[in-house]
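Here's the structure, in structure tokens; my notes come after.
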Amino acid sequence: MKKINIIDTPRLFLRPMSERDTNLIVSWRKVLANEKNSAFINDNKNLTFEKQLFWFKNGRHNRMDYIFCEKINEKPIGSVHFKNINKFEGEAEAGKMIGEIKQKKKGFAKEAFGFWLKYGFEKLEFKKIYILTNKKNTININLNLGLGFKILEVKKKLIIKGEEFIKMEILKKDIYKIKNALNISL
């Protein structure tokens with residue numbers, strides 16, 4: 001039997017996403033499709049259970065998706081992922097979302113994403129993790145900077161769905177910045 005990797009944090013636990021999460025993910029993404037600066041803007045208004053389930057079963061190549069839940073009540077709050085995983089180069093693209101709007105601005109995204117990055121460096125042995133963030137999403141940019149990411153200079157603007165995005169990255173040697181931001185010992 002395959003061992004399920006649970007990632008434990010002070011207030012949360014992160015567990016692999018499963019088919020059971022399909023309705024939840026659809027509802028989260030539909031709400032986020034209406035938010036400005038969201039990576040999901042206007043993209044998920046027509047998302048259905050069937051489309052999400054098909055993606056889950058057939059379209060999740062070269063990626064890992066986890067759900068993060070509050071320990072106190074085991075309620076799912078959001079998700080984190082690694083995609084475009086390049087084992088040869090030791091790098092991956094990461095992302096996060098808070099699906100439960102009432103749980104925003106409580107530090108859950110920072111906690112979940114910080115421990116997710118730590119997992120990527122320590123357990124998956126990534127050398128570099130990068131993210132693409134809407135240039136207008138200053139809250140997310142500041143969260144990423146606080147965890148140790150740097151904004152990369154790019155020669156060509158990154159335009160996704162008509163919005164300008166920036167690329168940010170963090171290297172394994174900077175893991176201490178994540179640990180400092182999360183107040184955990186080295």
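Labels used: A, B, ... for chains in the order of the structure tokens, numbers from 1 for residues in each chain, and numbers from 1 for ligands as shown.
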
Would you list, as a list in words, the residues of range 32-125 of chain A that end up in strand (DSSP E) under DSSP run on this structure's backbone?
Arg63, Met64, Asp65, Tyr66, Ile67, Phe68, Cys69, Glu70, Pro76, Ile77, Gly78, Ser79, Val80, His81, Phe82, Lys83, Asn84, Ile85, Asn86, Glu91, Ala92, Glu93, Ala94, Gly95, Lys96, Met97 and Ile98 of chain A

Please, could you write that set of residues out with C-alpha atoms as a PDB file, in the first residue's frame?
ATOM      1  CA  ARG A  63       2.111  17.771 -10.924  1.00  0.00           C
ATOM      2  CA  MET A  64       1.213  17.296  -7.257  1.00  0.00           C
ATOM      3  CA  ASP A  65      -1.872  18.812  -5.636  1.00  0.00           C
ATOM      4  CA  TYR A  66      -2.560  18.987  -1.901  1.00  0.00           C
ATOM      5  CA  ILE A  67      -5.455  20.344   0.145  1.00  0.00           C
ATOM      6  CA  PHE A  68      -4.718  22.185   3.383  1.00  0.00           C
ATOM      7  CA  CYS A  69      -7.100  21.833   6.304  1.00  0.00           C
ATOM      8  CA  GLU A  70      -7.448  23.361   9.745  1.00  0.00           C
ATOM      9  CA  PRO A  76     -10.435  22.260   4.027  1.00  0.00           C
ATOM     10  CA  ILE A  77      -9.326  25.868   3.475  1.00  0.00           C
ATOM     11  CA  GLY A  78      -7.349  25.836   0.238  1.00  0.00           C
ATOM     12  CA  SER A  79      -4.853  24.067  -1.961  1.00  0.00           C
ATOM     13  CA  VAL A  80      -1.196  24.108  -2.965  1.00  0.00           C
ATOM     14  CA  HIS A  81       0.499  22.503  -5.926  1.00  0.00           C
ATOM     15  CA  PHE A  82       3.696  21.828  -7.802  1.00  0.00           C
ATOM     16  CA  LYS A  83       3.421  21.549 -11.568  1.00  0.00           C
ATOM     17  CA  ASN A  84       5.770  21.539 -14.539  1.00  0.00           C
ATOM     18  CA  ILE A  85       8.059  19.418 -12.382  1.00  0.00           C
ATOM     19  CA  ASN A  86      11.468  19.012 -13.998  1.00  0.00           C
ATOM     20  CA  GLU A  91      12.731  22.657 -10.361  1.00  0.00           C
ATOM     21  CA  ALA A  92       8.973  23.117 -10.340  1.00  0.00           C
ATOM     22  CA  GLU A  93       6.311  25.786 -10.558  1.00  0.00           C
ATOM     23  CA  ALA A  94       4.308  26.226  -7.360  1.00  0.00           C
ATOM     24  CA  GLY A  95       0.945  27.744  -6.596  1.00  0.00           C
ATOM     25  CA  LYS A  96      -1.586  28.215  -3.849  1.00  0.00           C
ATOM     26  CA  MET A  97      -5.167  29.275  -3.333  1.00  0.00           C
ATOM     27  CA  ILE A  98      -7.355  30.022  -0.370  1.00  0.00           C
TER      28      ILE A  98
END

Report the residues of chain A whose backbone DSSP state falls under helix (DSSP H, G or I), written as a PyMOL selection string.
chain A and resi 19-32+49-58+101-103+108-122+138-146+172-182

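Picture a line from CA of Arg20 in chain A to CA of Asn58 in chain A; it runs 15.6 Å.
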
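If you count only C-alpha atoms and ignore residues fewer than 5 places along the chain from Leu152 in chain A, what sits within 12 Å of it is A:Tyr130, A:Ile131, A:Leu132, A:Thr133, A:Leu145, A:Lys157, A:Leu158, A:Phe165, A:Ile166, A:Lys167, A:Met168, A:Glu169, A:Ile170.
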
I need the chosen residues saved as a CSV table (one decimal), in the first residue's frame, with C-alpha atoms.
chain,number,residue,atom,x,y,z
A,130,TYR,CA,9.2,29.5,-9.2
A,131,ILE,CA,5.8,31.0,-9.3
A,132,LEU,CA,3.8,33.2,-11.7
A,133,THR,CA,1.8,36.0,-10.0
A,145,LEU,CA,8.6,38.1,-0.9
A,157,LYS,CA,6.2,40.6,-20.5
A,158,LEU,CA,4.3,37.6,-19.3
A,165,PHE,CA,2.2,38.4,-14.6
A,166,ILE,CA,5.6,38.4,-12.9
A,167,LYS,CA,7.9,35.5,-12.3
A,168,MET,CA,9.3,34.9,-8.9
A,169,GLU,CA,11.7,32.2,-7.7
A,170,ILE,CA,13.4,30.9,-4.5

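Remark: for Tyr119 in chain A, the closest of the candidate residues A:Thr9, A:Ser27, A:Thr138, A:Asn183 is A:Thr9 (distances computed over only C-alpha atoms).
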
Ile101 in chain A environment, 9 Å, only C-alpha atoms, sequence neighbours closer than 5 positions dropped, as a PyMOL selection string
chain A and resi 28+31-32+77

Could you dump the residues just selected with N, CA, C and O atoms as a PDB file, in the first residue's frame?
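Result file follows (selection.pdb):
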ATOM      1  N   TRP A  28     -14.797  26.517  -5.032  1.00  0.00           N
ATOM      2  CA  TRP A  28     -13.754  27.507  -4.769  1.00  0.00           C
ATOM      3  C   TRP A  28     -13.372  28.258  -6.041  1.00  0.00           C
ATOM      4  O   TRP A  28     -13.279  29.474  -6.055  1.00  0.00           O
ATOM      5  N   VAL A  31     -15.923  30.836  -7.300  1.00  0.00           N
ATOM      6  CA  VAL A  31     -15.897  32.070  -6.510  1.00  0.00           C
ATOM      7  C   VAL A  31     -14.673  32.906  -6.903  1.00  0.00           C
ATOM      8  O   VAL A  31     -14.774  34.117  -7.138  1.00  0.00           O
ATOM      9  N   LEU A  32     -13.524  32.266  -7.009  1.00  0.00           N
ATOM     10  CA  LEU A  32     -12.290  32.985  -7.340  1.00  0.00           C
ATOM     11  C   LEU A  32     -12.293  33.536  -8.762  1.00  0.00           C
ATOM     12  O   LEU A  32     -11.582  34.494  -9.056  1.00  0.00           O
ATOM     13  N   ILE A  77      -9.393  24.413   3.640  1.00  0.00           N
ATOM     14  CA  ILE A  77      -9.326  25.868   3.475  1.00  0.00           C
ATOM     15  C   ILE A  77      -8.862  26.240   2.073  1.00  0.00           C
ATOM     16  O   ILE A  77      -9.337  27.198   1.488  1.00  0.00           O
TER      17      ILE A  77
END

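Of note, CA of Leu143 in chain A and CA of Glu111 in chain A are spaced 10.3 Å apart.
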
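Shortest separation to Gly120 in chain A among A:Pro16, A:Gly90, A:Gly162, A:Pro10 occurs at residue A:Gly90, atoms counted being only C-alpha atoms.
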
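Note that the spacing between CA of Lys102 in chain A and CA of Ile25 in chain A amounts to 15.7 Å.
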
Given the choices A:Asn62, A:Lys118, A:Leu47, A:Arg15, which gets closest to Glu74 in chain A if the distance is worked out from only C-alpha atoms?
A:Arg15

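For Asn73 in chain A, the residues within 12 Å (counting only C-alpha atoms, excluding itself and residues fewer than 6 positions away along the chain) are Arg11, Leu12 and Phe13 of chain A.
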
Any chance you can output those residues with all heavy atoms as a short mmCIF file (atom, residue, chain, number, x, y, z; two decimals), in the first residue's frame?
data_model
loop_
_atom_site.label_atom_id
_atom_site.label_comp_id
_atom_site.auth_asym_id
_atom_site.auth_seq_id
_atom_site.Cartn_x
_atom_site.Cartn_y
_atom_site.Cartn_z
N ARG A 11 -0.92 24.90 12.68
CA ARG A 11 -2.38 25.01 12.70
C ARG A 11 -3.08 24.18 11.63
O ARG A 11 -4.30 24.07 11.62
CB ARG A 11 -2.81 26.47 12.52
CG ARG A 11 -2.30 27.40 13.60
CD ARG A 11 -2.74 28.83 13.37
NE ARG A 11 -2.18 29.34 12.13
CZ ARG A 11 -2.65 30.39 11.47
NH1 ARG A 11 -3.71 31.04 11.91
NH2 ARG A 11 -2.08 30.81 10.36
N LEU A 12 -2.30 23.63 10.70
CA LEU A 12 -2.87 22.97 9.53
C LEU A 12 -2.27 21.59 9.32
O LEU A 12 -1.23 21.26 9.88
CB LEU A 12 -2.58 23.79 8.27
CG LEU A 12 -2.95 25.26 8.27
CD1 LEU A 12 -2.32 25.96 7.07
CD2 LEU A 12 -4.46 25.42 8.24
N PHE A 13 -2.93 20.82 8.47
CA PHE A 13 -2.29 19.65 7.87
C PHE A 13 -2.59 19.69 6.38
O PHE A 13 -3.64 20.17 5.96
CB PHE A 13 -2.72 18.33 8.52
CG PHE A 13 -4.17 17.96 8.32
CD1 PHE A 13 -4.57 17.20 7.24
CD2 PHE A 13 -5.14 18.37 9.24
CE1 PHE A 13 -5.91 16.85 7.06
CE2 PHE A 13 -6.47 18.02 9.08
CZ PHE A 13 -6.86 17.27 7.99
#

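Taking only C-alpha atoms into account, Lys30 in chain A lies nearest to A:Gly99 out of the set A:Glu89, A:Asp8, A:Gly99, A:Lys161.
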
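Of the residues under consideration (A:Lys87, A:Lys150, A:Ile141, A:Ile7), A:Ile7 shows the shortest atom-to-atom contact distance to Lys71 in chain A when counting only C-alpha atoms.
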